[in-house]
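Participant: A single structure is presented below for examination.
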Amino acid sequence: MARYDLVSDLHQCVNELEQALGELRQQIEAQPLLIARVFSLPPIVKGQEHEAITQIAVEQHLGESARAMALEHYCRLFMQHQSEKLSTKAAVRLPGALCIECDEQREAEIATQVDTINQLKARLEQLITVESGLPSEARFEFVHQHLRGLITLNAYRTITLLNAPDSLRFGWANKHIIKNMKREEVIAQLEKSLKAGRAQAPWSREQWAEKVQEELASVRALPASARLKIKRPVKVQPIARVWRADEKKQTQLACPSPILVICRDRSQVPVLGELLSYDADNITHRHKPAAEPLNLLIPRLHLWVDCPV
């Protein structure tokens, strides 16, 4: 795609997204509020994005103020919508739930609007991450050149809509992203990095190339039978546990934004739990399987191997 067409499509997509979010806000405000409960988390200040998180203090908000916060949160796309001191590299999270009363017609209208919004969000992510053809390290500058202040993490994040479950309870998930890798895949990735000719601070280009060459040599030296894994920790995330008694089924959902719940009347209002403050030193694991013995091969890639290194 030509760069001019891409930029034009980006602006059109964001404009349509802002308009669609504004319309959803009006639709929600027009419906009776049954219950709202959201949990604000401490803001992440610029420069603190990568610091380890061991504690998160949670503040609960209810009723009309919770609804106002939820609607503002849905519509927050640009850093102009928040304090200049806050990081634009870390999405603002507001777990919780917003329950409104809707008849069948209003429910269908809101569901259609949420679907439209989520499609626009997916389209925006496709334009930036795929159709731009840019490597991840170059996207930030490109986006902020053409859409100054866009918080991509907020813009990509979809809105979750549910028909009234029996209960919604909240908690924390602290997991790893694990991906099995083939030796050839890792070699290809490192060779591509080498050919790109870029450097990563604090190294010069020559130093960085030497470092990648060393990583390549260590991977090539592995036996063919070696099993490789990317095992990267994910920062603790708020989650929602959705319970439906008729299905006797609990579903766990990521909950960075308030879940929008549609109810026919007050009799359908779900039980809403609380989100307690997070404390890494006081976590009780229901079931923690024994970890497979692995050795760290390339720290920057979180690449582990099942044989001595």
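Convention: chains lettered A, B, ... in structure tokens order; per-chain residue numbering from 1; ligands numbered from 1 as shown.
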I'd like the neighbourhood of segment 196-206 of chain A as a VMD selection string, where a residue qualifies if any of its atoms comes within 12 Å (using only C-alpha atoms), though same-chain residues fewer than 6 positions away should be ignored.

Facilitator: chain A and resid 135 137 to 138 189 to 190 212 to 213 300

Participant: Wanna dump the segment 184-248 of chain A-segment 302-309 of chain A contacts at 9 Å for me, each residue with its shortest atom pair and the distance in Å to one decimal, counting only C-alpha atoms, ordered by chain and number, as JSON lines?

Facilitator:
{"residue": "A:Ser218", "atom": "CA", "partner": "A:Val309", "partner_atom": "CA", "distance": 8.1}
{"residue": "A:Leu222", "atom": "CA", "partner": "A:Val309", "partner_atom": "CA", "distance": 8.3}
{"residue": "A:Pro223", "atom": "CA", "partner": "A:Cys307", "partner_atom": "CA", "distance": 8.7}
{"residue": "A:Ala226", "atom": "CA", "partner": "A:Asp306", "partner_atom": "CA", "distance": 6.4}
{"residue": "A:Arg227", "atom": "CA", "partner": "A:Asp306", "partner_atom": "CA", "distance": 5.6}
{"residue": "A:Leu228", "atom": "CA", "partner": "A:Val305", "partner_atom": "CA", "distance": 4.6}
{"residue": "A:Lys229", "atom": "CA", "partner": "A:Trp304", "partner_atom": "CA", "distance": 5.2}
{"residue": "A:Ile230", "atom": "CA", "partner": "A:Leu303", "partner_atom": "CA", "distance": 4.6}
{"residue": "A:Lys231", "atom": "CA", "partner": "A:His302", "partner_atom": "CA", "distance": 5.6}
{"residue": "A:Arg232", "atom": "CA", "partner": "A:His302", "partner_atom": "CA", "distance": 5.5}
{"residue": "A:Pro233", "atom": "CA", "partner": "A:His302", "partner_atom": "CA", "distance": 8.6}

Participant: What's around Glu16 of chain A at 9 Å? Count only C-alpha atoms, leave out sequence neighbours fewer than 4 positions away in its own chain, and write the answer as an mmCIF file with N, CA and C atoms, in the first residue's frame.

Facilitator:
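And here is the file that came out, around-v9.cif:
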data_model
loop_
_atom_site.group_PDB
_atom_site.id
_atom_site.type_symbol
_atom_site.label_atom_id
_atom_site.label_comp_id
_atom_site.auth_asym_id
_atom_site.auth_seq_id
_atom_site.Cartn_x
_atom_site.Cartn_y
_atom_site.Cartn_z
ATOM 1 N N HIS A 11 -6.191 7.906 9.195
ATOM 2 C CA HIS A 11 -6.993 9.039 9.680
ATOM 3 C C HIS A 11 -8.482 8.736 9.583
ATOM 4 N N GLN A 12 -8.886 8.129 8.459
ATOM 5 C CA GLN A 12 -10.303 7.796 8.285
ATOM 6 C C GLN A 12 -10.761 6.789 9.330
ATOM 7 N N ALA A 20 -17.904 6.449 16.283
ATOM 8 C CA ALA A 20 -18.643 5.271 16.741
ATOM 9 C C ALA A 20 -18.645 5.175 18.265
ATOM 10 N N LEU A 21 -17.518 5.505 18.893
ATOM 11 C CA LEU A 21 -17.439 5.491 20.357
ATOM 12 C C LEU A 21 -18.345 6.557 20.962
ATOM 13 N N ILE A 117 -17.464 -0.998 16.444
ATOM 14 C CA ILE A 117 -16.291 -0.429 17.120
ATOM 15 C C ILE A 117 -15.143 -1.433 17.133
ATOM 16 N N LEU A 120 -13.518 -1.741 13.778
ATOM 17 C CA LEU A 120 -12.658 -0.587 13.486
ATOM 18 C C LEU A 120 -11.337 -0.685 14.243
#

Participant: Name all residues at most 10 Å from Thr54 of chain A (count only C-alpha atoms; drop same-chain ones fewer than 3 positions away) and give them as an NGL selection string.

Facilitator: :A and (51 or 235-236 or 278-282)

Participant: Keeping only N, CA, C and O atoms, write the selected residues to a file as a CSV table (one decimal), in the first residue's frame.

Facilitator:
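Heads up, here's the output in part-v3.csv:
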chain,number,residue,atom,x,y,z
A,51,GLU,N,9.2,-1.2,35.0
A,51,GLU,CA,9.5,-1.6,36.3
A,51,GLU,C,8.7,-2.8,36.8
A,51,GLU,O,7.5,-2.9,36.5
A,235,LYS,N,3.1,-8.9,32.5
A,235,LYS,CA,2.8,-8.2,33.7
A,235,LYS,C,1.4,-8.6,34.2
A,235,LYS,O,0.5,-8.9,33.4
A,236,VAL,N,1.3,-8.6,35.5
A,236,VAL,CA,0.0,-9.0,36.1
A,236,VAL,C,-1.2,-8.2,35.5
A,236,VAL,O,-1.1,-7.0,35.3
A,278,TYR,N,-3.5,-5.9,44.7
A,278,TYR,CA,-2.6,-7.0,44.3
A,278,TYR,C,-1.3,-6.9,45.2
A,278,TYR,O,-0.8,-5.8,45.4
A,279,ASP,N,-0.9,-8.0,45.7
A,279,ASP,CA,0.3,-8.1,46.5
A,279,ASP,C,1.0,-9.4,46.1
A,279,ASP,O,0.6,-10.5,46.4
A,280,ALA,N,2.1,-9.3,45.4
A,280,ALA,CA,2.9,-10.4,44.9
A,280,ALA,C,3.4,-11.4,46.0
A,280,ALA,O,3.6,-12.5,45.7
A,281,ASP,N,3.5,-10.8,47.2
A,281,ASP,CA,4.1,-11.6,48.3
A,281,ASP,C,3.0,-12.5,49.0
A,281,ASP,O,3.3,-13.3,49.8
A,282,ASN,N,1.7,-12.2,48.6
A,282,ASN,CA,0.7,-13.0,49.2
A,282,ASN,C,-0.3,-13.6,48.2
A,282,ASN,O,-1.5,-13.4,48.3

Participant: What is the distance, in Å and to one decimal place, between atom CA of Val14 of chain A and atom CA of Phe140 of chain A?

Facilitator: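 That distance, rounded to one decimal, is 16.0 Å.
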
Participant: Tell me, as a list in words, which residues lie within 8 Å of segment 250-254 of chain A, counting only C-alpha atoms; anything in the same chain fewer than 2 positions away does not count.

Facilitator: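 The neighbour list is Gln237, Pro238, Ile239, Ala240, Arg241, Val242, Trp243, Arg244, Lys248 and Pro256 of chain A.
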
Participant: If you keep N, CA, C and O atoms, can you produce a file of those selected residues as a short mmCIF file (atom, residue, chain, number, x, y, z; two decimals), in the first residue's frame?

Facilitator:
data_model
loop_
_atom_site.label_atom_id
_atom_site.label_comp_id
_atom_site.auth_asym_id
_atom_site.auth_seq_id
_atom_site.Cartn_x
_atom_site.Cartn_y
_atom_site.Cartn_z
N GLN A 237 -2.25 -8.95 35.24
CA GLN A 237 -3.40 -8.38 34.54
C GLN A 237 -4.69 -8.62 35.31
O GLN A 237 -4.88 -9.70 35.87
N PRO A 238 -5.61 -7.63 35.33
CA PRO A 238 -6.92 -7.88 35.93
C PRO A 238 -7.76 -8.79 35.04
O PRO A 238 -7.72 -8.68 33.81
N ILE A 239 -8.50 -9.68 35.67
CA ILE A 239 -9.35 -10.61 34.93
C ILE A 239 -10.76 -10.61 35.53
O ILE A 239 -10.96 -10.17 36.66
N ALA A 240 -11.71 -11.10 34.74
CA ALA A 240 -13.09 -11.29 35.22
C ALA A 240 -13.44 -12.76 35.07
O ALA A 240 -13.09 -13.40 34.07
N ARG A 241 -14.12 -13.30 36.09
CA ARG A 241 -14.60 -14.68 36.03
C ARG A 241 -16.12 -14.64 35.89
O ARG A 241 -16.83 -14.17 36.79
N VAL A 242 -16.59 -15.12 34.75
CA VAL A 242 -18.01 -15.05 34.40
C VAL A 242 -18.66 -16.40 34.71
O VAL A 242 -18.23 -17.43 34.19
N TRP A 243 -19.70 -16.38 35.54
CA TRP A 243 -20.38 -17.63 35.91
C TRP A 243 -21.80 -17.64 35.38
O TRP A 243 -22.56 -16.69 35.55
N ARG A 244 -22.17 -18.74 34.68
CA ARG A 244 -23.54 -18.94 34.20
C ARG A 244 -24.05 -20.24 34.81
O ARG A 244 -23.55 -21.33 34.48
N LYS A 248 -23.57 -24.22 34.11
CA LYS A 248 -22.62 -24.69 35.12
C LYS A 248 -21.19 -24.50 34.61
O LYS A 248 -20.34 -25.40 34.64
N PRO A 256 -9.24 -5.44 31.06
CA PRO A 256 -8.56 -4.14 31.16
C PRO A 256 -9.54 -2.97 31.10
O PRO A 256 -9.19 -1.84 31.43
#

Participant: Separation of atom CA of Phe39 of chain A and atom CA of Gln60 of chain A, in Å?

Facilitator: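 The value is 4.6 Å.
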
Participant: Among segment 87-275 of chain A, which residues carry a DSSP assignment of helix (DSSP H, G or I), reported as an MDAnalysis selection string?

Facilitator: chainID A and resid 104:131 136:146 152:156 183:196 205:220 266:268

Participant: How many Å separate atom CA of Glu109 of chain A from atom CA of Asp246 of chain A?

Facilitator: 26.0 Å

Participant: Check the DSSP output for the backbone and give back, as a ChimeraX atom specification, the residues of segment 139-308 of chain A in strand (DSSP E).

Facilitator: /A:161-163,167-173,176-181,228-233,237-244,249-254,259-263,271-272,278-279,295-298,303-305

Participant: Of the candidates A:Leu168, A:Leu124, A:Met181, A:Ala245, which one gets nearest to Leu6 of chain A if we count only C-alpha atoms?

Facilitator: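 Checking each of A:Leu168, A:Leu124, A:Met181, A:Ala245 against Leu6 of chain A, counting only C-alpha atoms, the winner is A:Leu124.
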
Participant: With only C-alpha atoms as the atoms that count, which of A:Asn180, A:Gln268, A:Gln145, A:Thr116 lies nearest to Ser167 of chain A?

Facilitator: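 Looking at the shortest contact to Ser167 of chain A, the residue is A:Gln268.
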
Participant: Could you list, as number ranges by chain, every residue within 12 Å of Glu72 of chain A, counting only C-alpha atoms and ignoring same-chain residues fewer than 2 positions away?

Facilitator: A: 18, 21-22, 24-26, 28-29, 65-70, 74-78, 81-82, 92-94, 154, 257-258

Participant: Export N, CA and C atoms of the chosen residues as a PDB file, in the first residue's frame?

Facilitator:
ATOM      1  N   GLU A  18     -13.656   7.209  16.554  1.00  0.00           N
ATOM      2  CA  GLU A  18     -14.056   8.233  17.531  1.00  0.00           C
ATOM      3  C   GLU A  18     -15.558   8.516  17.440  1.00  0.00           C
ATOM      4  N   LEU A  21     -17.518   5.505  18.893  1.00  0.00           N
ATOM      5  CA  LEU A  21     -17.439   5.491  20.357  1.00  0.00           C
ATOM      6  C   LEU A  21     -18.345   6.557  20.962  1.00  0.00           C
ATOM      7  N   GLY A  22     -18.398   7.714  20.323  1.00  0.00           N
ATOM      8  CA  GLY A  22     -19.291   8.780  20.796  1.00  0.00           C
ATOM      9  C   GLY A  22     -20.754   8.357  20.727  1.00  0.00           C
ATOM     10  N   LEU A  24     -21.851   5.218  20.830  1.00  0.00           N
ATOM     11  CA  LEU A  24     -22.067   4.203  21.869  1.00  0.00           C
ATOM     12  C   LEU A  24     -22.260   4.865  23.228  1.00  0.00           C
ATOM     13  N   ARG A  25     -21.494   5.871  23.490  1.00  0.00           N
ATOM     14  CA  ARG A  25     -21.621   6.596  24.759  1.00  0.00           C
ATOM     15  C   ARG A  25     -23.037   7.147  24.923  1.00  0.00           C
ATOM     16  N   GLN A  26     -23.555   7.739  23.869  1.00  0.00           N
ATOM     17  CA  GLN A  26     -24.919   8.290  23.914  1.00  0.00           C
ATOM     18  C   GLN A  26     -25.951   7.176  24.111  1.00  0.00           C
ATOM     19  N   ILE A  28     -25.529   4.282  25.623  1.00  0.00           N
ATOM     20  CA  ILE A  28     -25.458   3.768  26.997  1.00  0.00           C
ATOM     21  C   ILE A  28     -26.066   4.762  27.981  1.00  0.00           C
ATOM     22  N   GLU A  29     -25.785   6.047  27.792  1.00  0.00           N
ATOM     23  CA  GLU A  29     -26.315   7.078  28.689  1.00  0.00           C
ATOM     24  C   GLU A  29     -27.835   7.155  28.626  1.00  0.00           C
ATOM     25  N   SER A  65     -20.867   7.692  39.095  1.00  0.00           N
ATOM     26  CA  SER A  65     -19.461   8.057  38.872  1.00  0.00           C
ATOM     27  C   SER A  65     -18.719   6.927  38.175  1.00  0.00           C
ATOM     28  N   ALA A  66     -19.057   5.672  38.501  1.00  0.00           N
ATOM     29  CA  ALA A  66     -18.434   4.523  37.846  1.00  0.00           C
ATOM     30  C   ALA A  66     -18.819   4.481  36.364  1.00  0.00           C
ATOM     31  N   ARG A  67     -20.098   4.782  36.064  1.00  0.00           N
ATOM     32  CA  ARG A  67     -20.517   4.805  34.656  1.00  0.00           C
ATOM     33  C   ARG A  67     -19.767   5.893  33.894  1.00  0.00           C
ATOM     34  N   ALA A  68     -19.647   7.088  34.473  1.00  0.00           N
ATOM     35  CA  ALA A  68     -18.938   8.182  33.816  1.00  0.00           C
ATOM     36  C   ALA A  68     -17.484   7.796  33.540  1.00  0.00           C
ATOM     37  N   MET A  69     -16.856   7.145  34.524  1.00  0.00           N
ATOM     38  CA  MET A  69     -15.467   6.714  34.336  1.00  0.00           C
ATOM     39  C   MET A  69     -15.361   5.662  33.238  1.00  0.00           C
ATOM     40  N   ALA A  70     -16.329   4.736  33.199  1.00  0.00           N
ATOM     41  CA  ALA A  70     -16.323   3.682  32.186  1.00  0.00           C
ATOM     42  C   ALA A  70     -16.459   4.268  30.778  1.00  0.00           C
ATOM     43  N   TYR A  74     -13.733   4.107  27.696  1.00  0.00           N
ATOM     44  CA  TYR A  74     -13.972   3.575  26.355  1.00  0.00           C
ATOM     45  C   TYR A  74     -13.483   4.546  25.272  1.00  0.00           C
ATOM     46  N   CYS A  75     -13.669   5.844  25.514  1.00  0.00           N
ATOM     47  CA  CYS A  75     -13.400   6.862  24.495  1.00  0.00           C
ATOM     48  C   CYS A  75     -11.971   7.410  24.539  1.00  0.00           C
ATOM     49  N   ARG A  76     -11.136   6.928  25.466  1.00  0.00           N
ATOM     50  CA  ARG A  76      -9.775   7.457  25.602  1.00  0.00           C
ATOM     51  C   ARG A  76      -8.869   6.826  24.547  1.00  0.00           C
ATOM     52  N   LEU A  77      -8.569   7.597  23.511  1.00  0.00           N
ATOM     53  CA  LEU A  77      -7.703   7.119  22.436  1.00  0.00           C
ATOM     54  C   LEU A  77      -6.385   7.887  22.359  1.00  0.00           C
ATOM     55  N   PHE A  78      -6.418   9.141  22.777  1.00  0.00           N
ATOM     56  CA  PHE A  78      -5.249   9.997  22.615  1.00  0.00           C
ATOM     57  C   PHE A  78      -4.705  10.447  23.961  1.00  0.00           C
ATOM     58  N   HIS A  81      -6.185  13.087  26.106  1.00  0.00           N
ATOM     59  CA  HIS A  81      -7.308  12.767  26.987  1.00  0.00           C
ATOM     60  C   HIS A  81      -6.836  12.428  28.402  1.00  0.00           C
ATOM     61  N   GLN A  82      -5.524  12.519  28.657  1.00  0.00           N
ATOM     62  CA  GLN A  82      -5.015  12.197  29.984  1.00  0.00           C
ATOM     63  C   GLN A  82      -3.850  13.117  30.329  1.00  0.00           C
ATOM     64  N   VAL A  92      -4.002   2.500  29.988  1.00  0.00           N
ATOM     65  CA  VAL A  92      -4.712   2.708  31.256  1.00  0.00           C
ATOM     66  C   VAL A  92      -5.742   1.594  31.398  1.00  0.00           C
ATOM     67  N   ARG A  93      -5.756   0.936  32.556  1.00  0.00           N
ATOM     68  CA  ARG A  93      -6.685  -0.173  32.781  1.00  0.00           C
ATOM     69  C   ARG A  93      -7.744   0.244  33.790  1.00  0.00           C
ATOM     70  N   LEU A  94      -8.970  -0.156  33.524  1.00  0.00           N
ATOM     71  CA  LEU A  94     -10.090   0.146  34.419  1.00  0.00           C
ATOM     72  C   LEU A  94     -11.000  -1.085  34.454  1.00  0.00           C
ATOM     73  N   ASN A 154      -4.641   1.467  23.894  1.00  0.00           N
ATOM     74  CA  ASN A 154      -6.037   1.791  24.181  1.00  0.00           C
ATOM     75  C   ASN A 154      -6.895   1.652  22.923  1.00  0.00           C
ATOM     76  N   SER A 257     -10.773  -3.242  30.650  1.00  0.00           N
ATOM     77  CA  SER A 257     -11.822  -2.230  30.539  1.00  0.00           C
ATOM     78  C   SER A 257     -13.103  -2.773  31.174  1.00  0.00           C
ATOM     79  N   PRO A 258     -14.019  -1.880  31.568  1.00  0.00           N
ATOM     80  CA  PRO A 258     -15.282  -2.367  32.133  1.00  0.00           C
ATOM     81  C   PRO A 258     -16.041  -3.232  31.131  1.00  0.00           C
TER      82      PRO A 258
END

Participant: Taking only C-alpha atoms into account, which of A:Leu127, A:Ile262, A:Val219, A:Val114 comes nearest Asp5 of chain A?

Facilitator: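 That would be A:Leu127, the residue with the smallest distance to Asp5 of chain A.
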